[in-house]
Amino acid sequence: TNFDRTLQPKAFEGIKNSKDRSMVLLSPNLYGVGKTHLVAALINDLIEKTEPVVFYPEDCSIRWRLCPAYFIAENNLLTRIRDTFNSGLIPEDEDYENEEMIYHELMNTPLLIIDDVGKVRPRDYSFLQGVYFRIIDSRYTSQKPIILTTNLDYPELENHIGGACADRLREMCCDTGFVKMSGTSYRQKKV
């Protein structure tokens, strides 16, 4: 990756060593400090190191592996779930996707990354917090990692996703999983 690790050493080391660990990259009220760049580099590294197939000797079969990570921005996640409520598509349609199919995908991927948490303020916090509870609680109970990136500080994040989710996330991330990033936007440096 072309990420300048000297600008965000804690975040860089956290992501580099994040195998099977949950994390939250926070940069309260700061934009362009490299959160998305770091998680994209992690995904590229995971894809490069993951064998595409696995051999099962018990039945002498070879099966494709799941992609090692699923990346989605919060606004796209919420839109994708909301769209299932108003879908006029029928189950026989090849593009049909229901809410359960989306949650199944989010819960079963080895690593889930949700980018830009809190970027868009929803009209209905009960819907948003219900979505987060379902995702985080499922990943918590199945011990699967999740990474969130946000421009919120921790109290704002807790208000956004809900107290029960924040509490589970706190345990999933342990002491070192919340990394606060600071600095100047890379985008401003290019101008």
# chains A, B, ... in the order shown; residues from 1 in each chain; ligands from 1
>>> residues_around(residues="stretch 123-130 of chain A", least_positions_apart="5", cutoff="9 Å", atoms="only C-alpha atoms", output="list in words")
Leu78, Ile135, His160, Ile161, Gly162 and Cys165 of chain A
>>> residues_around(residues="stretch 37-54 of chain A", least_positions_apart="2", cutoff="6 Å", atoms="only C-alpha atoms", output="PDB file with C-alpha atoms, in the first residue's frame")
ATOM      1  CA  GLY A  34      -6.927   7.584   5.788  1.00  0.00           C
ATOM      2  CA  LYS A  35      -9.576   5.378   7.434  1.00  0.00           C
ATOM      3  CA  ILE A  62     -13.186 -28.795  -3.629  1.00  0.00           C
ATOM      4  CA  ARG A  63     -15.262 -25.692  -2.884  1.00  0.00           C
ATOM      5  CA  TRP A  64     -14.857 -21.999  -3.509  1.00  0.00           C
ATOM      6  CA  ARG A  65     -14.107 -19.967  -0.406  1.00  0.00           C
TER       7      ARG A  65
END
>>> select_by_dssp(residues="stretch 30-104 of chain A", states="strand (DSSP E)", output="list in words")
Val53, Val54, Phe55, Tyr56, Ser61, Ile62, Arg63, Trp64, Tyr70, Phe71, Ile72 and Ala73 of chain A
>>> write_last_selection(atoms="N, CA and C atoms", output="compact mmCIF listing (two decimals), in the first residue's frame")
# COMPACT_ATOMS: atom_id res chain seq x y z
N VAL A 53 -9.87 -21.63 -3.18
CA VAL A 53 -10.61 -22.87 -2.99
C VAL A 53 -10.06 -23.61 -1.78
N VAL A 54 -10.87 -24.51 -1.26
CA VAL A 54 -10.45 -25.35 -0.14
C VAL A 54 -10.83 -26.79 -0.46
N PHE A 55 -9.97 -27.71 -0.07
CA PHE A 55 -10.20 -29.13 -0.29
C PHE A 55 -10.76 -29.75 0.99
N TYR A 56 -11.85 -30.49 0.87
CA TYR A 56 -12.46 -31.20 1.99
C TYR A 56 -12.21 -32.69 1.81
N SER A 61 -14.05 -33.24 -1.91
CA SER A 61 -14.60 -32.16 -2.72
C SER A 61 -13.73 -30.92 -2.61
N ILE A 62 -13.85 -30.09 -3.60
CA ILE A 62 -13.19 -28.80 -3.63
C ILE A 62 -14.28 -27.75 -3.74
N ARG A 63 -14.23 -26.73 -2.87
CA ARG A 63 -15.26 -25.69 -2.88
C ARG A 63 -14.61 -24.32 -2.88
N TRP A 64 -15.30 -23.39 -3.53
CA TRP A 64 -14.86 -22.00 -3.51
C TRP A 64 -14.98 -21.46 -2.10
N TYR A 70 -16.23 -8.19 3.42
CA TYR A 70 -17.35 -7.51 2.77
C TYR A 70 -17.30 -6.06 3.22
N PHE A 71 -17.22 -5.15 2.27
CA PHE A 71 -17.10 -3.72 2.54
C PHE A 71 -18.35 -3.02 2.04
N ILE A 72 -18.93 -2.18 2.90
CA ILE A 72 -20.09 -1.39 2.49
C ILE A 72 -20.13 -0.10 3.31
N ALA A 73 -20.53 0.99 2.68
CA ALA A 73 -20.73 2.25 3.40
C ALA A 73 -22.10 2.21 4.07
>>> select_by_dssp(residues="stretch 9-58 of chain A", states="helix (DSSP H, G or I)", output="VMD selection string")
chain A and resid 9 to 16 35 to 49
>>> write_last_selection(atoms="C-alpha atoms", output="PDB file, in the first residue's frame")
ATOM      1  CA  PRO A   9       1.139   4.759  13.150  1.00  0.00           C
ATOM      2  CA  LYS A  10      -1.424   3.395  15.653  1.00  0.00           C
ATOM      3  CA  ALA A  11      -4.101   2.965  12.992  1.00  0.00           C
ATOM      4  CA  PHE A  12      -1.634   1.399  10.561  1.00  0.00           C
ATOM      5  CA  GLU A  13      -0.381  -1.118  13.152  1.00  0.00           C
ATOM      6  CA  GLY A  14      -3.932  -1.807  14.332  1.00  0.00           C
ATOM      7  CA  ILE A  15      -5.131  -2.642  10.834  1.00  0.00           C
ATOM      8  CA  LYS A  16      -1.956  -4.551  10.010  1.00  0.00           C
ATOM      9  CA  LYS A  35      -9.576   5.378   7.434  1.00  0.00           C
ATOM     10  CA  THR A  36     -11.039   4.049   4.196  1.00  0.00           C
ATOM     11  CA  HIS A  37      -7.591   3.768   2.604  1.00  0.00           C
ATOM     12  CA  LEU A  38      -6.425   1.555   5.470  1.00  0.00           C
ATOM     13  CA  VAL A  39      -9.408  -0.795   5.365  1.00  0.00           C
ATOM     14  CA  ALA A  40      -9.165  -1.038   1.567  1.00  0.00           C
ATOM     15  CA  ALA A  41      -5.501  -2.028   1.942  1.00  0.00           C
ATOM     16  CA  LEU A  42      -6.522  -4.646   4.508  1.00  0.00           C
ATOM     17  CA  ILE A  43      -9.112  -6.082   2.118  1.00  0.00           C
ATOM     18  CA  ASN A  44      -6.588  -6.212  -0.727  1.00  0.00           C
ATOM     19  CA  ASP A  45      -4.103  -7.992   1.538  1.00  0.00           C
ATOM     20  CA  LEU A  46      -6.724 -10.525   2.676  1.00  0.00           C
ATOM     21  CA  ILE A  47      -7.800 -11.253  -0.885  1.00  0.00           C
ATOM     22  CA  GLU A  48      -4.185 -11.686  -1.975  1.00  0.00           C
ATOM     23  CA  LYS A  49      -3.423 -14.120   0.878  1.00  0.00           C
TER      24      LYS A  49
END
>>> atom_distance(atom1="atom CA of A:Thr79", atom2="atom CA of A:Glu99")
11.2 Å
>>> atom_distance(atom1="atom CA of A:Tyr186", atom2="atom CA of A:Asn2")
12.4 Å
>>> residues_around(residues="A:Ala69", least_positions_apart="5", cutoff="7 Å", atoms="only C-alpha atoms", output="PyMOL selection string")
chain A and resi 43+109-112
>>> write_last_selection(atoms="N, CA, C and O atoms", output="compact mmCIF listing (two decimals), in the first residue's frame")
# COMPACT_ATOMS: atom_id res chain seq x y z
N ILE A 43 -8.34 -5.20 2.99
CA ILE A 43 -9.11 -6.08 2.12
C ILE A 43 -8.24 -6.63 0.99
O ILE A 43 -8.26 -7.83 0.70
N THR A 109 -20.08 -13.36 6.27
CA THR A 109 -18.78 -13.02 5.69
C THR A 109 -17.71 -13.08 6.79
O THR A 109 -17.99 -12.74 7.94
N PRO A 110 -16.51 -13.54 6.47
CA PRO A 110 -15.47 -13.64 7.50
C PRO A 110 -15.16 -12.31 8.19
O PRO A 110 -14.99 -12.27 9.41
N LEU A 111 -15.08 -11.22 7.43
CA LEU A 111 -14.83 -9.89 8.00
C LEU A 111 -15.81 -8.91 7.38
O LEU A 111 -15.90 -8.82 6.16
N LEU A 112 -16.51 -8.18 8.22
CA LEU A 112 -17.44 -7.15 7.75
C LEU A 112 -16.86 -5.79 8.07
O LEU A 112 -16.44 -5.54 9.20
>>> atom_distance(atom1="atom CA of A:Ile81", atom2="atom CA of A:Ser138")
16.5 Å
>>> closest_residue(among="A:Phe178, A:Arg187, A:Asp137, A:Val117", to="A:Asn159", atoms="only C-alpha atoms")
A:Val117
